[in-house]
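Chemist: Structure: data-v2.pdb, PDB, C-alpha atoms.
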ATOM      1  CA  MET S   1      64.259 -30.457  -5.580  1.00  0.00           C
ATOM      2  CA  VAL S   2      60.987 -29.192  -6.939  1.00  0.00           C
ATOM      3  CA  GLN S   3      60.412 -25.459  -6.669  1.00  0.00           C
ATOM      4  CA  TYR S   4      57.835 -24.933  -3.941  1.00  0.00           C
ATOM      5  CA  MET S   5      55.759 -21.902  -3.126  1.00  0.00           C
ATOM      6  CA  SER S   6      58.530 -20.522  -0.966  1.00  0.00           C
ATOM      7  CA  ASP S   7      56.514 -17.760   0.749  1.00  0.00           C
ATOM      8  CA  LEU S   8      53.860 -20.238   1.789  1.00  0.00           C
ATOM      9  CA  LEU S   9      56.484 -22.539   3.339  1.00  0.00           C
ATOM     10  CA  ASP S  10      58.017 -19.546   5.158  1.00  0.00           C
ATOM     11  CA  VAL S  11      54.777 -18.596   6.876  1.00  0.00           C
ATOM     12  CA  SER S  12      53.564 -22.116   7.570  1.00  0.00           C
ATOM     13  CA  PHE S  13      56.833 -23.402   9.049  1.00  0.00           C
ATOM     14  CA  ALA S  14      57.030 -20.206  11.142  1.00  0.00           C
ATOM     15  CA  ALA S  15      53.415 -20.792  12.270  1.00  0.00           C
ATOM     16  CA  LEU S  16      54.318 -24.359  13.318  1.00  0.00           C
ATOM     17  CA  SER S  17      57.412 -23.269  15.278  1.00  0.00           C
ATOM     18  CA  ASP S  18      55.386 -22.420  18.392  1.00  0.00           C
ATOM     19  CA  PRO S  19      53.981 -25.023  20.827  1.00  0.00           C
ATOM     20  CA  THR S  20      50.806 -23.001  21.534  1.00  0.00           C
ATOM     21  CA  ARG S  21      50.037 -22.676  17.840  1.00  0.00           C
ATOM     22  CA  ARG S  22      50.600 -26.404  17.276  1.00  0.00           C
ATOM     23  CA  GLY S  23      48.342 -27.024  20.289  1.00  0.00           C
ATOM     24  CA  VAL S  24      45.615 -24.779  18.848  1.00  0.00           C
ATOM     25  CA  LEU S  25      45.686 -26.753  15.579  1.00  0.00           C
ATOM     26  CA  GLU S  26      45.381 -30.035  17.497  1.00  0.00           C
ATOM     27  CA  GLN S  27      42.480 -28.609  19.518  1.00  0.00           C
ATOM     28  CA  LEU S  28      40.660 -27.315  16.429  1.00  0.00           C
ATOM     29  CA  GLY S  29      41.172 -30.731  14.858  1.00  0.00           C
ATOM     30  CA  ARG S  30      38.818 -32.043  17.522  1.00  0.00           C
ATOM     31  CA  ALA S  31      36.225 -29.229  17.494  1.00  0.00           C
ATOM     32  CA  GLU S  32      35.817 -25.593  16.532  1.00  0.00           C
ATOM     33  CA  ALA S  33      36.405 -23.106  19.366  1.00  0.00           C
ATOM     34  CA  SER S  34      36.116 -19.397  20.118  1.00  0.00           C
ATOM     35  CA  ILE S  35      39.169 -17.256  20.854  1.00  0.00           C
ATOM     36  CA  THR S  36      37.915 -17.122  24.475  1.00  0.00           C
ATOM     37  CA  ASP S  37      37.780 -20.950  24.696  1.00  0.00           C
ATOM     38  CA  LEU S  38      41.297 -21.202  23.299  1.00  0.00           C
ATOM     39  CA  ALA S  39      42.673 -18.463  25.582  1.00  0.00           C
ATOM     40  CA  GLN S  40      41.257 -20.325  28.588  1.00  0.00           C
ATOM     41  CA  ALA S  41      42.516 -23.724  27.433  1.00  0.00           C
ATOM     42  CA  PHE S  42      46.051 -22.376  26.967  1.00  0.00           C
ATOM     43  CA  HIS S  43      46.017 -20.076  30.057  1.00  0.00           C
ATOM     44  CA  MET S  44      46.572 -17.009  27.945  1.00  0.00           C
ATOM     45  CA  THR S  45      45.126 -13.506  27.534  1.00  0.00           C
ATOM     46  CA  LEU S  46      42.624 -12.881  24.726  1.00  0.00           C
ATOM     47  CA  THR S  47      45.151 -10.550  23.066  1.00  0.00           C
ATOM     48  CA  GLY S  48      47.917 -13.161  23.240  1.00  0.00           C
ATOM     49  CA  MET S  49      45.676 -15.868  21.777  1.00  0.00           C
ATOM     50  CA  GLY S  50      44.363 -13.438  19.150  1.00  0.00           C
ATOM     51  CA  LYS S  51      47.942 -12.919  17.933  1.00  0.00           C
ATOM     52  CA  HIS S  52      48.629 -16.657  17.700  1.00  0.00           C
ATOM     53  CA  VAL S  53      45.364 -17.203  15.799  1.00  0.00           C
ATOM     54  CA  GLY S  54      46.333 -14.315  13.496  1.00  0.00           C
ATOM     55  CA  VAL S  55      49.602 -16.072  12.611  1.00  0.00           C
ATOM     56  CA  LEU S  56      47.704 -19.316  11.892  1.00  0.00           C
ATOM     57  CA  GLU S  57      45.174 -17.407   9.766  1.00  0.00           C
ATOM     58  CA  GLN S  58      47.958 -15.798   7.738  1.00  0.00           C
ATOM     59  CA  ALA S  59      49.338 -19.274   7.043  1.00  0.00           C
ATOM     60  CA  GLU S  60      45.804 -20.335   5.979  1.00  0.00           C
ATOM     61  CA  LEU S  61      45.845 -23.059   8.608  1.00  0.00           C
ATOM     62  CA  VAL S  62      42.895 -21.547  10.483  1.00  0.00           C
ATOM     63  CA  THR S  63      39.838 -19.590   9.403  1.00  0.00           C
ATOM     64  CA  THR S  64      37.784 -17.432  11.760  1.00  0.00           C
ATOM     65  CA  GLU S  65      34.251 -16.095  11.626  1.00  0.00           C
ATOM     66  CA  LYS S  66      32.875 -13.355  13.846  1.00  0.00           C
ATOM     67  CA  VAL S  67      29.211 -13.587  14.835  1.00  0.00           C
ATOM     68  CA  GLY S  68      28.212 -10.874  17.262  1.00  0.00           C
ATOM     69  CA  ARG S  69      31.008 -10.621  19.787  1.00  0.00           C
ATOM     70  CA  VAL S  70      32.268 -14.173  19.378  1.00  0.00           C
ATOM     71  CA  ARG S  71      35.045 -15.073  16.949  1.00  0.00           C
ATOM     72  CA  THR S  72      34.895 -18.777  16.124  1.00  0.00           C
ATOM     73  CA  CYS S  73      38.026 -20.561  14.878  1.00  0.00           C
ATOM     74  CA  ARG S  74      38.084 -23.610  12.594  1.00  0.00           C
ATOM     75  CA  LEU S  75      40.788 -25.520  10.751  1.00  0.00           C
ATOM     76  CA  GLY S  76      41.576 -23.852   7.441  1.00  0.00           C
ATOM     77  CA  PRO S  77      41.654 -25.483   4.005  1.00  0.00           C
ATOM     78  CA  ARG S  78      45.382 -26.272   4.020  1.00  0.00           C
ATOM     79  CA  ARG S  79      46.485 -29.814   4.768  1.00  0.00           C
ATOM     80  CA  LEU S  80      50.229 -29.040   4.823  1.00  0.00           C
ATOM     81  CA  GLN S  81      50.744 -30.916   1.537  1.00  0.00           C
ATOM     82  CA  GLU S  82      53.566 -28.621   0.402  1.00  0.00           C
ATOM     83  CA  GLU S  83      55.294 -28.896   3.781  1.00  0.00           C
ATOM     84  CA  THR S  84      55.034 -32.700   3.694  1.00  0.00           C
ATOM     85  CA  ALA S  85      56.384 -32.734   0.135  1.00  0.00           C
ATOM     86  CA  TRP S  86      59.360 -30.532   1.052  1.00  0.00           C
ATOM     87  CA  ILE S  87      60.246 -32.652   4.076  1.00  0.00           C
ATOM     88  CA  GLU S  88      59.869 -35.907   2.109  1.00  0.00           C
ATOM     89  CA  ASP S  89      62.161 -34.601  -0.627  1.00  0.00           C
ATOM     90  CA  TYR S  90      64.669 -33.546   2.012  1.00  0.00           C
ATOM     91  CA  ARG S  91      64.608 -36.974   3.633  1.00  0.00           C
ATOM     92  CA  ARG S  92      65.253 -38.638   0.302  1.00  0.00           C
ATOM     93  CA  LEU S  93      68.188 -36.278  -0.300  1.00  0.00           C
ATOM     94  CA  TRP S  94      69.473 -36.963   3.233  1.00  0.00           C
ATOM     95  CA  GLU S  95      69.330 -40.739   2.711  1.00  0.00           C
ATOM     96  CA  SER S  96      71.094 -40.665  -0.639  1.00  0.00           C
ATOM     97  CA  ARG S  97      73.756 -38.359   0.867  1.00  0.00           C
ATOM     98  CA  PHE S  98      74.391 -40.721   3.757  1.00  0.00           C
ATOM     99  CA  ASP S  99      74.391 -43.751   1.424  1.00  0.00           C
ATOM    100  CA  GLU S 100      77.135 -41.983  -0.534  1.00  0.00           C
ATOM    101  CA  LEU S 101      79.135 -41.308   2.639  1.00  0.00           C
ATOM    102  CA  ASP S 102      78.705 -44.968   3.635  1.00  0.00           C
ATOM    103  CA  LYS S 103      80.229 -45.970   0.301  1.00  0.00           C
ATOM    104  CA  VAL S 104      83.199 -43.614   0.860  1.00  0.00           C
ATOM    105  CA  VAL S 105      83.750 -45.079   4.339  1.00  0.00           C
ATOM    106  CA  GLU S 106      83.530 -48.644   2.962  1.00  0.00           C
ATOM    107  CA  GLU S 107      86.029 -47.730   0.245  1.00  0.00           C
ATOM    108  CA  LEU S 108      88.439 -46.249   2.834  1.00  0.00           C
ATOM    109  CA  LYS S 109      88.116 -49.361   5.002  1.00  0.00           C
ATOM    110  CA  ARG S 110      88.799 -51.600   2.005  1.00  0.00           C
ATOM    111  CA  LYS S 111      91.897 -49.579   1.063  1.00  0.00           C
ATOM    112  CA  GLU S 112      93.161 -49.628   4.647  1.00  0.00           C
ATOM    113  CA  LYS S 113      92.816 -53.398   4.686  1.00  0.00           C
ATOM    114  CA  VAL S 114      94.744 -53.711   1.414  1.00  0.00           C
ATOM    115  CA  ASP S 115      97.449 -51.266   2.624  1.00  0.00           C
ATOM    116  CA  GLY S 116      97.703 -53.121   5.954  1.00  0.00           C
ATOM    117  CA  ARG S 117      98.139 -56.400   4.086  1.00  0.00           C
ATOM    118  CA  LYS S 118     100.818 -54.873   1.827  1.00  0.00           C
ATOM    119  CA  LYS S 119     102.743 -53.534   4.857  1.00  0.00           C
ATOM    120  CA  ARG S 120     102.662 -56.967   6.493  1.00  0.00           C
ATOM    121  CA  GLU S 121     103.938 -58.612   3.341  1.00  0.00           C
TER     122      GLU S 121
ATOM    123  CA  MET G   1      48.209 -36.614  19.433  1.00  0.00           C
ATOM    124  CA  VAL G   2      51.439 -38.090  20.696  1.00  0.00           C
ATOM    125  CA  GLN G   3      53.556 -35.830  22.871  1.00  0.00           C
ATOM    126  CA  TYR G   4      56.535 -34.777  20.809  1.00  0.00           C
ATOM    127  CA  MET G   5      59.777 -33.223  21.892  1.00  0.00           C
ATOM    128  CA  SER G   6      58.241 -29.778  21.720  1.00  0.00           C
ATOM    129  CA  ASP G   7      61.484 -27.753  21.968  1.00  0.00           C
ATOM    130  CA  LEU G   8      62.995 -29.700  19.112  1.00  0.00           C
ATOM    131  CA  LEU G   9      59.965 -29.010  16.901  1.00  0.00           C
ATOM    132  CA  ASP G  10      60.133 -25.308  17.837  1.00  0.00           C
ATOM    133  CA  VAL G  11      63.724 -24.912  16.672  1.00  0.00           C
ATOM    134  CA  SER G  12      63.463 -27.135  13.614  1.00  0.00           C
ATOM    135  CA  PHE G  13      60.259 -25.595  12.232  1.00  0.00           C
ATOM    136  CA  ALA G  14      61.777 -22.137  12.886  1.00  0.00           C
ATOM    137  CA  ALA G  15      64.946 -23.239  11.066  1.00  0.00           C
ATOM    138  CA  LEU G  16      62.848 -24.382   8.081  1.00  0.00           C
ATOM    139  CA  SER G  17      60.878 -21.117   7.910  1.00  0.00           C
ATOM    140  CA  ASP G  18      63.566 -19.350   5.872  1.00  0.00           C
ATOM    141  CA  PRO G  19      64.164 -19.901   2.133  1.00  0.00           C
ATOM    142  CA  THR G  20      67.960 -19.488   2.425  1.00  0.00           C
ATOM    143  CA  ARG G  21      68.152 -22.070   5.183  1.00  0.00           C
ATOM    144  CA  ARG G  22      66.021 -24.530   3.201  1.00  0.00           C
ATOM    145  CA  GLY G  23      68.290 -23.843   0.214  1.00  0.00           C
ATOM    146  CA  VAL G  24      71.416 -24.538   2.302  1.00  0.00           C
ATOM    147  CA  LEU G  25      69.970 -27.915   3.361  1.00  0.00           C
ATOM    148  CA  GLU G  26      69.209 -28.781  -0.274  1.00  0.00           C
ATOM    149  CA  GLN G  27      72.744 -27.754  -1.281  1.00  0.00           C
ATOM    150  CA  LEU G  28      74.382 -29.769   1.516  1.00  0.00           C
ATOM    151  CA  GLY G  29      72.228 -32.714   0.455  1.00  0.00           C
ATOM    152  CA  ARG G  30      74.260 -32.714  -2.744  1.00  0.00           C
ATOM    153  CA  ALA G  31      77.743 -32.067  -1.296  1.00  0.00           C
ATOM    154  CA  GLU G  32      79.445 -30.623   1.766  1.00  0.00           C
ATOM    155  CA  ALA G  33      80.434 -26.958   1.481  1.00  0.00           C
ATOM    156  CA  SER G  34      82.345 -24.282   3.362  1.00  0.00           C
ATOM    157  CA  ILE G  35      80.620 -21.205   4.772  1.00  0.00           C
ATOM    158  CA  THR G  36      82.428 -19.224   2.031  1.00  0.00           C
ATOM    159  CA  ASP G  37      81.007 -21.502  -0.706  1.00  0.00           C
ATOM    160  CA  LEU G  38      77.513 -21.128   0.735  1.00  0.00           C
ATOM    161  CA  ALA G  39      77.813 -17.344   1.149  1.00  0.00           C
ATOM    162  CA  GLN G  40      78.824 -17.073  -2.517  1.00  0.00           C
ATOM    163  CA  ALA G  41      76.095 -19.423  -3.738  1.00  0.00           C
ATOM    164  CA  PHE G  42      73.405 -17.433  -1.899  1.00  0.00           C
ATOM    165  CA  HIS G  43      74.920 -13.967  -2.598  1.00  0.00           C
ATOM    166  CA  MET G  44      75.323 -13.251   1.076  1.00  0.00           C
ATOM    167  CA  THR G  45      77.996 -11.949   3.475  1.00  0.00           C
ATOM    168  CA  LEU G  46      80.006 -14.483   5.491  1.00  0.00           C
ATOM    169  CA  THR G  47      78.425 -13.110   8.677  1.00  0.00           C
ATOM    170  CA  GLY G  48      74.909 -13.463   7.284  1.00  0.00           C
ATOM    171  CA  MET G  49      75.525 -17.042   6.144  1.00  0.00           C
ATOM    172  CA  GLY G  50      77.269 -17.821   9.454  1.00  0.00           C
ATOM    173  CA  LYS G  51      74.080 -16.844  11.291  1.00  0.00           C
ATOM    174  CA  HIS G  52      71.868 -19.033   9.079  1.00  0.00           C
ATOM    175  CA  VAL G  53      74.227 -21.986   9.537  1.00  0.00           C
ATOM    176  CA  GLY G  54      74.170 -21.331  13.297  1.00  0.00           C
ATOM    177  CA  VAL G  55      70.368 -21.667  13.323  1.00  0.00           C
ATOM    178  CA  LEU G  56      70.600 -24.931  11.359  1.00  0.00           C
ATOM    179  CA  GLU G  57      73.292 -26.220  13.739  1.00  0.00           C
ATOM    180  CA  GLN G  58      71.129 -25.429  16.751  1.00  0.00           C
ATOM    181  CA  ALA G  59      68.333 -27.474  15.181  1.00  0.00           C
ATOM    182  CA  GLU G  60      70.880 -30.297  14.636  1.00  0.00           C
ATOM    183  CA  LEU G  61      70.168 -30.203  10.920  1.00  0.00           C
ATOM    184  CA  VAL G  62      73.745 -29.243  10.066  1.00  0.00           C
ATOM    185  CA  THR G  63      77.110 -30.018  11.632  1.00  0.00           C
ATOM    186  CA  THR G  64      80.237 -27.956  11.020  1.00  0.00           C
ATOM    187  CA  GLU G  65      83.928 -28.666  11.414  1.00  0.00           C
ATOM    188  CA  LYS G  66      86.677 -26.060  11.400  1.00  0.00           C
ATOM    189  CA  VAL G  67      90.011 -27.061   9.917  1.00  0.00           C
ATOM    190  CA  GLY G  68      92.468 -24.159   9.807  1.00  0.00           C
ATOM    191  CA  ARG G  69      90.468 -21.174   8.619  1.00  0.00           C
ATOM    192  CA  VAL G  70      87.819 -23.128   6.759  1.00  0.00           C
ATOM    193  CA  ARG G  71      84.540 -24.170   8.375  1.00  0.00           C
ATOM    194  CA  THR G  72      83.011 -27.078   6.465  1.00  0.00           C
ATOM    195  CA  CYS G  73      79.264 -27.715   6.717  1.00  0.00           C
ATOM    196  CA  ARG G  74      77.561 -31.099   6.330  1.00  0.00           C
ATOM    197  CA  LEU G  75      74.036 -32.384   6.859  1.00  0.00           C
ATOM    198  CA  GLY G  76      73.460 -33.244  10.500  1.00  0.00           C
ATOM    199  CA  PRO G  77      72.133 -36.504  11.920  1.00  0.00           C
ATOM    200  CA  ARG G  78      68.469 -35.442  12.004  1.00  0.00           C
ATOM    201  CA  ARG G  79      66.158 -36.681   9.294  1.00  0.00           C
ATOM    202  CA  LEU G  80      63.122 -34.635  10.407  1.00  0.00           C
ATOM    203  CA  GLN G  81      61.333 -37.777  11.628  1.00  0.00           C
ATOM    204  CA  GLU G  82      59.553 -35.934  14.450  1.00  0.00           C
ATOM    205  CA  GLU G  83      58.463 -33.144  12.132  1.00  0.00           C
ATOM    206  CA  THR G  84      57.123 -35.667   9.600  1.00  0.00           C
ATOM    207  CA  ALA G  85      55.280 -37.504  12.380  1.00  0.00           C
ATOM    208  CA  TRP G  86      53.682 -34.303  13.690  1.00  0.00           C
ATOM    209  CA  ILE G  87      52.536 -33.212  10.234  1.00  0.00           C
ATOM    210  CA  GLU G  88      51.196 -36.717   9.421  1.00  0.00           C
ATOM    211  CA  ASP G  89      49.215 -36.781  12.671  1.00  0.00           C
ATOM    212  CA  TYR G  90      47.859 -33.338  11.885  1.00  0.00           C
ATOM    213  CA  ARG G  91      46.767 -34.397   8.405  1.00  0.00           C
ATOM    214  CA  ARG G  92      44.934 -37.398   9.818  1.00  0.00           C
ATOM    215  CA  LEU G  93      43.191 -35.118  12.325  1.00  0.00           C
ATOM    216  CA  TRP G  94      42.352 -32.655   9.540  1.00  0.00           C
ATOM    217  CA  GLU G  95      40.832 -35.400   7.375  1.00  0.00           C
ATOM    218  CA  SER G  96      38.702 -36.862  10.136  1.00  0.00           C
ATOM    219  CA  ARG G  97      37.537 -33.341  11.036  1.00  0.00           C
ATOM    220  CA  PHE G  98      36.465 -32.603   7.475  1.00  0.00           C
ATOM    221  CA  ASP G  99      34.859 -36.050   7.119  1.00  0.00           C
ATOM    222  CA  GLU G 100      32.775 -35.142  10.164  1.00  0.00           C
ATOM    223  CA  LEU G 101      31.767 -31.805   8.650  1.00  0.00           C
ATOM    224  CA  ASP G 102      30.847 -33.606   5.413  1.00  0.00           C
ATOM    225  CA  LYS G 103      28.517 -35.850   7.401  1.00  0.00           C
ATOM    226  CA  VAL G 104      26.874 -32.828   9.059  1.00  0.00           C
ATOM    227  CA  VAL G 105      26.350 -31.211   5.635  1.00  0.00           C
ATOM    228  CA  GLU G 106      24.916 -34.466   4.231  1.00  0.00           C
ATOM    229  CA  GLU G 107      22.561 -34.714   7.212  1.00  0.00           C
ATOM    230  CA  LEU G 108      21.405 -31.112   6.708  1.00  0.00           C
ATOM    231  CA  LYS G 109      20.808 -31.749   3.000  1.00  0.00           C
ATOM    232  CA  ARG G 110      18.821 -34.908   3.792  1.00  0.00           C
ATOM    233  CA  LYS G 111      16.656 -33.048   6.295  1.00  0.00           C
ATOM    234  CA  GLU G 112      16.068 -30.206   3.859  1.00  0.00           C
ATOM    235  CA  LYS G 113      14.906 -32.723   1.242  1.00  0.00           C
ATOM    236  CA  VAL G 114      12.512 -34.348   3.720  1.00  0.00           C
ATOM    237  CA  ASP G 115      11.209 -30.939   4.866  1.00  0.00           C
ATOM    238  CA  GLY G 116      10.787 -29.850   1.235  1.00  0.00           C
ATOM    239  CA  ARG G 117       8.831 -33.017   0.498  1.00  0.00           C
ATOM    240  CA  LYS G 118       6.630 -32.513   3.569  1.00  0.00           C
ATOM    241  CA  LYS G 119       5.852 -28.939   2.501  1.00  0.00           C
ATOM    242  CA  ARG G 120       4.848 -30.087  -0.975  1.00  0.00           C
ATOM    243  CA  GLU G 121       2.564 -32.768   0.439  1.00  0.00           C
TER     244      GLU G 121
END
Show this structure as C-alpha cells.
Modeler:
Amino acid sequence: MVQYMSDLLDVSFAALSDPTRRGVLEQLGRAEASITDLAQAFHMTLTGMGKHVGVLEQAELVTTEKVGRVRTCRLGPRRLQEETAWIEDYRRLWESRFDELDKVVEELKRKEKVDGRKKRE
Amino acid sequence: MVQYMSDLLDVSFAALSDPTRRGVLEQLGRAEASITDLAQAFHMTLTGMGKHVGVLEQAELVTTEKVGRVRTCRLGPRRLQEETAWIEDYRRLWESRFDELDKVVEELKRKEKVDGRKKRE
C-alpha cells in the first residue's frame, strides 16, 4: 500500500470515531454554526462542544473564527481524500485476499472429490 | 445523511486511528499471521500486540483462532462498507457546501463590479 501521511490519518480517524463529531460535520455541511448553536443542537455544554470542535479543528476538518464573543464554525479544507484512499486500498487488499482463500477452498473441494472417487474405486 | 450503525462506526474509526493497527490490517491482507509474527514485525511485546488485535477484533476487522498455544489472526468479514459510505456522503456534502460558497463569492464579485461601475458613472 502507498505510504500515507500517517499522523493525519491518526487524528482524522480518531476525530471521526465519535457520533457527536460526525454529527457536527454533517450539520456544518448544511450551514455554518456557532459553538452555542452546536451545543444546543447536540444537548451539550459549551465546554463539551468546544472540546469536540477542538478535535475537529486539529484534524483540519473544521475551521473556526471568533468575532466578538461568537465563535463561528465552518467545514475545513479537508475532503478526507487520504482517508478514502486508505480505505479503498484496504478494500482492494481484502477482496484479493478473499479471492485467494476462495481458490484454496475450491482446490480443497476438488481434491476431496478426487480422493472420495479414489476411495470408492 | 443516512442513519448509519453509529456504534459500529465509532469502534471501526477508533480502530483505524492507530498506525500499528492499520499496518496489521495491511499485513493480514497479504497473509494470515500469529500474534507472535505480528509482534516481531512491529517490534512490539506480545501483550502490546494482543491489545491492538483485540481492538481490531472488537471492530470485526480481524478474527483470531487459537490452536494449541498459537493464536492465528486473519482479516475479518468487514470490508468497511459503512465507513466508505459515510465518508462518501460527507464528501458530497462538503462539495455542495463549497459550491454554495463559490456562488456567494461570485455574487459578491458581480455586485462589486456593478457598484464600481456605478461609482465611475
Chemist: What are the residues of chain S lining chain G at 10 Å or less? Count all atoms listed in the file, and put the answer as a PyMOL selection string.
Modeler: chain S and resi 1+6-19+22-23+25-32+74-81+83-98+100
Chemist: Between CA of Ala41 in chain G and CA of Thr64 in chain G, what is the distance in Å, rounded to a tenth?
Modeler: 17.5 Å
Chemist: What does the distance from CA of His52 in chain S to CA of Leu38 in chain S come to in Å, to one decimal?
Modeler: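 These atoms are spaced 10.3 Å apart.
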Chemist: For Ala39 in chain S, which residue out of S:Val67, S:Ala59, S:Leu101, S:Cys73 is the nearest one, using all atoms listed in the file?
Modeler: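 Using all atoms listed in the file, the shortest distance to Ala39 in chain S belongs to S:Cys73.
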Chemist: Can you measure CA of Val24 in chain S to CA of Val62 in chain S for me? One decimal in Å is fine.
Modeler: 9.4 Å
Chemist: Calculated over all atoms listed in the file, which of the candidates S:Thr20, S:Val55, S:Lys66, S:Glu60 has the smallest distance to His43 in chain S?
Modeler: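 Checking each of S:Thr20, S:Val55, S:Lys66, S:Glu60 against His43 in chain S, counting all atoms listed in the file, the winner is S:Thr20.
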Chemist: Can you tell me, as AutoDock Vina command-line options, the centre and edge lengths (Å, one decimal) of the axis-aligned box enclosing all of range 10-26 of chain S's listed atoms after padding each side by 5 Å?
Modeler:
--center_x 51.7 --center_y -24.3 --center_z 13.3 --size_x 22.6 --size_y 21.4 --size_z 26.4
Chemist: Show me, as a list in words, the residues that have an atom within 9 Å of Ile35 in chain G when counting only C-alpha atoms, minus same-chain residues fewer than 5 positions from it.
Modeler: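 Listing them by chain and then by number gives Gln40, Leu46, Met49, Gly50, Val53, Val70, Arg71, Thr72 and Cys73 of chain G.
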Chemist: Please extract range 10-36 of chain G and write it out with C-alpha atoms, as a PDB file, in the first residue's frame.
Modeler:
ATOM      1  CA  ASP G  10     -17.311   4.524  16.485  1.00  0.00           C
ATOM      2  CA  VAL G  11     -15.316   1.341  17.025  1.00  0.00           C
ATOM      3  CA  SER G  12     -14.063   0.974  13.466  1.00  0.00           C
ATOM      4  CA  PHE G  13     -12.867   4.572  13.056  1.00  0.00           C
ATOM      5  CA  ALA G  14     -11.210   4.292  16.501  1.00  0.00           C
ATOM      6  CA  ALA G  15      -9.574   1.026  15.393  1.00  0.00           C
ATOM      7  CA  LEU G  16      -8.238   2.748  12.252  1.00  0.00           C
ATOM      8  CA  SER G  17      -6.824   5.718  14.192  1.00  0.00           C
ATOM      9  CA  ASP G  18      -3.599   3.890  15.064  1.00  0.00           C
ATOM     10  CA  PRO G  19      -0.705   3.317  12.626  1.00  0.00           C
ATOM     11  CA  THR G  20       0.161  -0.122  14.073  1.00  0.00           C
ATOM     12  CA  ARG G  21      -3.413  -1.310  13.710  1.00  0.00           C
ATOM     13  CA  ARG G  22      -3.600  -0.052  10.118  1.00  0.00           C
ATOM     14  CA  GLY G  23      -0.272  -1.809   9.498  1.00  0.00           C
ATOM     15  CA  VAL G  24      -1.614  -5.079  10.954  1.00  0.00           C
ATOM     16  CA  LEU G  25      -4.606  -4.920   8.580  1.00  0.00           C
ATOM     17  CA  GLU G  26      -2.281  -4.329   5.615  1.00  0.00           C
ATOM     18  CA  GLN G  27      -0.092  -7.253   6.722  1.00  0.00           C
ATOM     19  CA  LEU G  28      -3.059  -9.607   7.186  1.00  0.00           C
ATOM     20  CA  GLY G  29      -4.259  -8.537   3.745  1.00  0.00           C
ATOM     21  CA  ARG G  30      -1.179 -10.294   2.409  1.00  0.00           C
ATOM     22  CA  ALA G  31      -1.204 -13.414   4.626  1.00  0.00           C
ATOM     23  CA  GLU G  32      -2.535 -14.665   7.945  1.00  0.00           C
ATOM     24  CA  ALA G  33      -0.127 -14.333  10.875  1.00  0.00           C
ATOM     25  CA  SER G  34       0.205 -15.307  14.521  1.00  0.00           C
ATOM     26  CA  ILE G  35       0.287 -12.707  17.289  1.00  0.00           C
ATOM     27  CA  THR G  36       3.993 -13.602  17.700  1.00  0.00           C
TER      28      THR G  36
END
